[in-house]
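Participant: My structure is stored as coords.cif, with mmCIF, C-alpha atoms.
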data_input
loop_
_atom_site.label_atom_id
_atom_site.label_comp_id
_atom_site.auth_asym_id
_atom_site.auth_seq_id
_atom_site.Cartn_x
_atom_site.Cartn_y
_atom_site.Cartn_z
CA MET A 1444 -24.48 -20.79 47.33
CA ILE A 1445 -22.84 -19.18 44.28
CA ARG A 1446 -22.13 -15.50 44.86
CA VAL A 1447 -22.24 -13.28 41.75
CA VAL A 1448 -21.31 -9.67 40.97
CA ILE A 1449 -22.68 -8.02 37.81
CA VAL A 1450 -20.75 -5.18 36.14
CA ASP A 1451 -22.42 -3.42 33.21
CA ASP A 1452 -22.94 0.24 32.35
CA GLN A 1453 -26.58 -0.37 31.40
CA GLN A 1454 -28.86 -0.40 34.43
CA LEU A 1455 -31.56 -2.31 32.58
CA MET A 1456 -29.09 -5.06 31.70
CA ARG A 1457 -27.83 -5.30 35.28
CA SER A 1458 -31.35 -5.45 36.69
CA GLY A 1459 -32.47 -8.01 34.14
CA LEU A 1460 -29.53 -10.32 34.76
CA ALA A 1461 -29.97 -10.03 38.51
CA ALA A 1462 -33.67 -10.86 38.28
CA LEU A 1463 -32.97 -13.93 36.14
CA LEU A 1464 -30.22 -15.20 38.42
CA ASP A 1465 -32.25 -14.62 41.58
CA ARG A 1466 -34.76 -17.21 40.35
CA ASP A 1467 -32.18 -19.87 41.15
CA GLU A 1468 -32.11 -20.44 44.91
CA ARG A 1469 -28.50 -21.61 44.63
CA ILE A 1470 -27.33 -18.27 43.18
CA THR A 1471 -27.26 -14.91 44.96
CA VAL A 1472 -26.30 -11.57 43.38
CA VAL A 1473 -24.22 -9.80 46.02
CA GLY A 1474 -23.63 -6.56 44.13
CA GLN A 1475 -23.82 -4.55 40.93
CA ALA A 1476 -21.55 -1.89 39.44
CA ALA A 1477 -21.86 0.45 36.44
CA ASP A 1478 -18.20 0.64 35.35
CA GLY A 1479 -14.98 -1.30 35.50
CA ALA A 1480 -13.27 0.67 38.27
CA ALA A 1481 -16.28 0.42 40.57
CA GLY A 1482 -16.63 -3.24 39.59
CA VAL A 1483 -13.09 -4.10 40.65
CA SER A 1484 -13.62 -2.35 43.99
CA LEU A 1485 -16.88 -4.21 44.50
CA VAL A 1486 -15.29 -7.56 43.65
CA LEU A 1487 -12.51 -6.90 46.15
CA ALA A 1488 -15.07 -6.10 48.81
CA GLU A 1489 -17.40 -9.04 48.14
CA ARG A 1490 -15.00 -11.76 46.87
CA PRO A 1491 -17.71 -13.38 44.67
CA ASP A 1492 -17.42 -16.75 42.98
CA VAL A 1493 -18.35 -15.35 39.56
CA VAL A 1494 -18.19 -11.88 37.98
CA LEU A 1495 -20.33 -11.11 34.93
CA LEU A 1496 -18.37 -8.32 33.27
CA ASP A 1497 -19.40 -6.25 30.27
CA ILE A 1498 -16.59 -5.83 27.74
CA ARG A 1499 -17.48 -2.30 26.62
CA MET A 1500 -17.84 0.30 29.35
CA PRO A 1501 -16.72 3.94 29.71
CA GLY A 1502 -13.54 4.60 31.65
CA VAL A 1503 -12.10 1.28 32.78
CA ASP A 1504 -13.49 -1.22 30.30
CA GLY A 1505 -14.20 -4.88 30.93
CA ILE A 1506 -10.88 -6.12 29.57
CA GLU A 1507 -8.83 -3.91 31.90
CA ALA A 1508 -11.13 -4.76 34.80
CA ALA A 1509 -10.61 -8.47 34.06
CA ARG A 1510 -6.84 -7.98 34.08
CA ARG A 1511 -6.98 -6.31 37.49
CA ILE A 1512 -9.23 -8.98 38.98
CA VAL A 1513 -7.21 -11.91 37.64
CA ALA A 1514 -3.90 -10.33 38.71
CA ASP A 1515 -5.04 -9.85 42.31
CA GLU A 1516 -3.97 -12.83 44.42
CA ARG A 1517 -6.83 -12.12 46.84
CA LEU A 1518 -9.28 -12.92 44.03
CA ARG A 1519 -7.72 -16.17 42.80
CA ASP A 1520 -10.99 -18.04 43.41
CA THR A 1521 -13.12 -15.54 41.47
CA ARG A 1522 -14.02 -16.48 37.89
CA VAL A 1523 -14.53 -13.75 35.30
CA VAL A 1524 -17.11 -14.16 32.54
CA MET A 1525 -17.40 -11.50 29.86
CA LEU A 1526 -20.77 -10.22 28.66
CA THR A 1527 -20.74 -9.53 24.94
CA THR A 1528 -22.93 -8.94 21.89
CA PHE A 1529 -20.24 -10.21 19.43
CA ASP A 1530 -21.69 -7.93 16.76
CA THR A 1531 -19.46 -5.03 17.77
CA ASP A 1532 -16.79 -6.49 20.04
CA ASP A 1533 -13.37 -6.63 18.37
CA HIS A 1534 -11.29 -7.65 21.36
CA ILE A 1535 -12.60 -11.07 22.29
CA PHE A 1536 -9.17 -12.66 22.49
CA ASP A 1537 -7.82 -9.67 24.40
CA ALA A 1538 -10.36 -10.66 27.04
CA ILE A 1539 -9.14 -14.27 27.06
CA GLN A 1540 -5.55 -13.10 27.39
CA ALA A 1541 -6.66 -10.84 30.24
CA GLY A 1542 -7.81 -13.95 32.10
CA ALA A 1543 -11.52 -14.23 31.35
CA ALA A 1544 -12.83 -17.73 31.96
CA GLY A 1545 -15.47 -17.49 29.25
CA PHE A 1546 -18.21 -15.52 27.55
CA LEU A 1547 -21.95 -15.07 27.69
CA LEU A 1548 -24.03 -13.49 24.97
CA LYS A 1549 -26.25 -10.71 26.28
CA ASP A 1550 -29.26 -12.40 24.71
CA THR A 1551 -28.51 -15.76 26.35
CA ASP A 1552 -31.55 -17.86 27.24
CA PRO A 1553 -32.38 -17.51 30.98
CA ASP A 1554 -31.91 -21.21 31.69
CA GLU A 1555 -28.60 -21.19 29.83
CA LEU A 1556 -27.51 -18.14 31.81
CA ARG A 1557 -28.13 -19.82 35.14
CA ALA A 1558 -26.52 -23.06 33.97
CA ALA A 1559 -23.48 -21.13 32.75
CA VAL A 1560 -22.98 -19.53 36.16
CA HIS A 1561 -23.05 -22.97 37.80
CA THR A 1562 -20.63 -24.32 35.20
CA VAL A 1563 -18.15 -21.50 35.57
CA ALA A 1564 -18.33 -21.56 39.36
CA ALA A 1565 -17.46 -25.27 39.25
CA GLY A 1566 -14.47 -24.56 36.97
CA ASP A 1567 -15.67 -27.00 34.34
CA SER A 1568 -16.50 -26.26 30.68
CA LEU A 1569 -16.14 -22.50 30.55
CA LEU A 1570 -17.13 -21.75 26.95
CA SER A 1571 -20.39 -23.07 25.58
CA PRO A 1572 -20.22 -24.54 22.07
CA SER A 1573 -22.30 -21.77 20.50
CA VAL A 1574 -20.18 -19.02 22.02
CA THR A 1575 -16.88 -20.78 21.31
CA ARG A 1576 -17.64 -21.29 17.65
CA ARG A 1577 -18.53 -17.63 17.18
CA VAL A 1578 -15.34 -16.55 18.94
CA LEU A 1579 -13.21 -18.85 16.82
CA GLU A 1580 -14.89 -17.87 13.58
CA ARG A 1581 -13.99 -14.26 14.25
CA PHE A 1582 -10.47 -15.24 15.26
CA ALA A 1583 -9.96 -17.25 12.08
CA ASN A 1584 -11.19 -14.38 9.92
CA ASP A 1585 -9.10 -11.73 11.68
CA ARG A 1586 -5.83 -13.60 12.21
CA ARG A 1587 -2.92 -11.70 10.61
CA THR A 1588 0.04 -13.91 11.53
CA PRO A 1589 0.66 -17.52 10.44
CA PRO A 1590 0.04 -20.20 13.07
CA ASP A 1591 2.94 -21.46 15.18
CA SER A 1592 2.50 -25.05 16.31
CA SER A 1593 5.76 -25.27 18.27
CA ARG A 1594 3.93 -24.72 21.55
CA LEU A 1595 2.13 -28.03 21.03
CA ALA A 1596 5.36 -30.04 20.73
CA PRO A 1597 5.13 -31.53 24.26
CA LEU A 1598 1.67 -33.00 23.57
CA THR A 1599 0.97 -36.61 22.67
CA ASP A 1600 -1.29 -37.40 19.73
CA ARG A 1601 -4.14 -38.16 22.12
CA GLU A 1602 -3.66 -34.87 23.94
CA ARG A 1603 -3.74 -33.01 20.63
CA GLU A 1604 -6.96 -34.82 19.83
CA LEU A 1605 -8.44 -33.65 23.14
CA LEU A 1606 -7.27 -30.10 22.48
CA THR A 1607 -9.03 -30.14 19.10
CA GLU A 1608 -12.26 -31.20 20.79
CA ILE A 1609 -11.93 -28.43 23.39
CA ALA A 1610 -11.27 -25.90 20.61
CA ALA A 1611 -14.55 -26.98 19.01
CA GLY A 1612 -16.33 -25.93 22.20
CA ARG A 1613 -17.27 -29.38 23.42
CA SER A 1614 -17.83 -30.15 27.08
CA ASN A 1615 -16.07 -32.95 28.94
CA ALA A 1616 -19.15 -35.15 28.61
CA GLU A 1617 -19.30 -34.59 24.85
CA ILE A 1618 -15.57 -35.27 24.47
CA ALA A 1619 -15.83 -38.46 26.51
CA ALA A 1620 -18.65 -39.72 24.28
CA ARG A 1621 -16.91 -38.82 21.02
CA LEU A 1622 -13.54 -40.31 21.99
CA TYR A 1623 -14.91 -43.29 23.95
CA LEU A 1624 -13.35 -42.17 27.24
CA THR A 1625 -14.67 -42.12 30.77
CA HIS A 1626 -15.52 -38.74 32.24
CA ALA A 1627 -12.70 -39.13 34.79
CA THR A 1628 -10.16 -39.89 32.05
CA THR A 1629 -11.31 -36.87 30.06
CA ARG A 1630 -10.85 -34.61 33.08
CA THR A 1631 -7.37 -36.04 33.57
CA TYR A 1632 -6.45 -35.23 29.97
CA VAL A 1633 -7.78 -31.69 30.34
CA SER A 1634 -5.70 -31.23 33.50
CA ARG A 1635 -2.61 -32.44 31.66
CA LEU A 1636 -3.24 -29.98 28.84
CA LEU A 1637 -3.59 -27.11 31.29
CA THR A 1638 -0.28 -28.07 32.91
CA LYS A 1639 1.70 -28.75 29.73
CA LEU A 1640 0.50 -25.59 27.98
CA ASN A 1641 0.68 -23.43 31.12
CA ALA A 1642 -2.94 -22.38 30.62
CA ARG A 1643 -5.24 -21.00 33.30
CA ASP A 1644 -8.42 -22.58 32.00
CA ARG A 1645 -10.29 -23.93 28.97
CA ALA A 1646 -10.64 -20.47 27.49
CA GLN A 1647 -6.88 -20.20 27.20
CA LEU A 1648 -6.68 -23.72 25.77
CA VAL A 1649 -9.03 -22.62 22.99
CA HIS A 1650 -6.86 -19.59 22.33
CA ILE A 1651 -3.68 -21.67 22.24
CA ALA A 1652 -5.27 -24.22 19.91
CA TYR A 1653 -6.17 -21.61 17.32
CA GLU A 1654 -2.94 -19.62 17.70
CA SER A 1655 -1.20 -22.91 16.94
CA GLY A 1656 -3.25 -23.58 13.83
#
Step by step, read the file and then write its structure as structure tokens.
Facilitator:
Amino acid sequence: MIRVVIVDDQQLMRSGLAALLDRDERITVVGQAADGAAGVSLVLAERPDVVLLDIRMPGVDGIEAARRIVADERLRDTRVVMLTTFDTDDHIFDAIQAGAAGFLLKDTDPDELRAAVHTVAAGDSLLSPSVTRRVLERFANDRRTPPDSSRLAPLTDRERELLTEIAAGRSNAEIAARLYLTHATTRTYVSRLLTKLNARDRAQLVHIAYESG
């Protein structure tokens, strides 16, 4: 059973997400909170597998709440997913740096929402292609400093190729098909990238890829 906490300052949004998730018998919503401070307290009390966390909230916002959750050793098994509209959010990469495992659009299709929770809970592909491409488009448009590729120096050509595919938002299965690899080999490459680049998850790999040009 995947245990989920929802943190959003809009009651209608919280109730709607909970209702959609409760239709999956393998997911249970164990709590809801209306702001970041209350959300962090709730997460500490419940120790959920996944937290759906709104970026923009009064008081302690989602980015600061994500930082607190990720920094707490007691919550090392909890995955943070940011809820965003993308039309007004200017701090997407702040959320990635804070430790968010990925993003969900607030108008996500119900089936995609439930599938995303399963995906994140399993620690697999954490950013869907549609979300990743929108994040990266904004990042490319807003970047003020030139790219620095020195961080990628330890990577082999094949590993760089894998990183490019991850940055495009492709899942392990899609990467395996495009590069003619087995699924197991693809997962091994992803693990190597996480280790060599000292990244927490795929979200950080995406960030590193685009910071590096």
Participant: Which value, in Å to one decimal, gives the distance between CA of Gly1502 in chain A and CA of Glu1516 in chain A?
Facilitator: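 Separating CA of Gly1502 in chain A from CA of Glu1516 in chain A is a distance of 23.6 Å.
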Participant: Can you tell me, as a tab-separated table (two decimals) with C-alpha atoms, in the coordinates of the input, what residues are no more than 8 Å from range 1629-1637 of chain A when counting only C-alpha atoms, ignoring any on the same chain fewer than 2 positions away?
Facilitator:
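Wrote part-v6.tsv, looks like this:
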chain	number	residue	atom	x	y	z
A	1598	LEU	CA	1.67	-33.00	23.57
A	1602	GLU	CA	-3.66	-34.87	23.94
A	1605	LEU	CA	-8.44	-33.65	23.14
A	1606	LEU	CA	-7.27	-30.10	22.48
A	1615	ASN	CA	-16.07	-32.95	28.94
A	1618	ILE	CA	-15.57	-35.27	24.47
A	1619	ALA	CA	-15.83	-38.46	26.51
A	1624	LEU	CA	-13.35	-42.17	27.24
A	1625	THR	CA	-14.67	-42.12	30.77
A	1626	HIS	CA	-15.52	-38.74	32.24
A	1627	ALA	CA	-12.70	-39.13	34.79
A	1639	LYS	CA	1.70	-28.75	29.73
A	1640	LEU	CA	0.50	-25.59	27.98
A	1641	ASN	CA	0.68	-23.43	31.12
A	1642	ALA	CA	-2.94	-22.38	30.62
A	1643	ARG	CA	-5.24	-21.00	33.30
A	1644	ASP	CA	-8.42	-22.58	32.00
A	1645	ARG	CA	-10.29	-23.93	28.97
A	1648	LEU	CA	-6.68	-23.72	25.77
Participant: I want to know what sits within 9 Å of Ala1538 in chain A, based on all atoms listed in the file, with residues of the same chain fewer than 3 positions away left out; could you give that as a list in words?
Facilitator: Ile1498, Gly1505, Ile1506, Glu1507, Ala1509, Arg1510, Met1525, His1534, Ile1535, Ala1541, Gly1542, Ala1543, Ala1544 and Gly1545 of chain A
Participant: Might you pull out every residue within 7 Å of Gly1656 in chain A, with all atoms listed in the file counted and same-chain residues fewer than 3 positions away left off, and present them as a ChimeraX atom specification?
Facilitator: /A:1590-1592,1652-1653
Participant: Would you please work out which residue, of A:Pro1597, A:Gly1482, A:Pro1553, A:Gly1566, is nearest to Ala1461 in chain A when using only C-alpha atoms?
Facilitator: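 Result for the nearest residue to Ala1461 in chain A: A:Pro1553.
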Participant: Could you expand the PyMOL selection byres ((chain A and resi 1481) around 12) into the explicit residues it covers here, written as a ChimeraX atom specification?
Facilitator: /A:1448-1452,1474-1480,1482-1488,1496,1500-1505,1508,1511-1512
Participant: Figure out the distance between CA of Ile1651 in chain A and CA of Val1447 in chain A, please, to one decimal in Å.
Facilitator: 28.2 Å
Participant: Could you jot down the CA of Val1524 in chain A to CA of Val1494 in chain A separation for me, Å, one decimal place?
Facilitator: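 Distance reported for this atom pair: 6.0 Å.
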Participant: Care to translate the PyMOL selection byres ((chain A and resi 1565) around 12) into actual residues of this file, as a list in words?
Facilitator: Met1444, Ile1445, Asp1492, Val1493, Asp1520, Thr1521, Arg1522, Ala1544, Ala1558, Ala1559, Val1560, His1561, Thr1562, Val1563, Ala1564, Gly1566, Asp1567, Ser1568, Leu1569 and Asp1644 of chain A
Participant: Let me make sure I understand: among A:Leu1463, A:Ile1470, A:Ala1646, A:Leu1547, which one has the smallest atom-to-atom distance to Gly1612 in chain A if we use all atoms listed in the file?
Facilitator: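 So, comparing all the options, the nearest one is A:Ala1646.
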Participant: For a cutoff of 7 Å around the file-coordinate point (-24.0, -12.4, 25.7), which residues qualify once you count all atoms listed in the file? I'd like the result as a PyMOL selection string.
Facilitator: chain A and resi 1526-1528+1546-1551
Participant: Taking every listed atom of range 1479-1488 of chain A and adding 5 Å to each side, what centre and edge lengths in Å (one decimal) does the axis-aligned box have, as AutoDock Vina command-line options?
Facilitator:
--center_x -14.7 --center_y -3.4 --center_z 42.2 --size_x 14.4 --size_y 18.2 --size_z 23.3
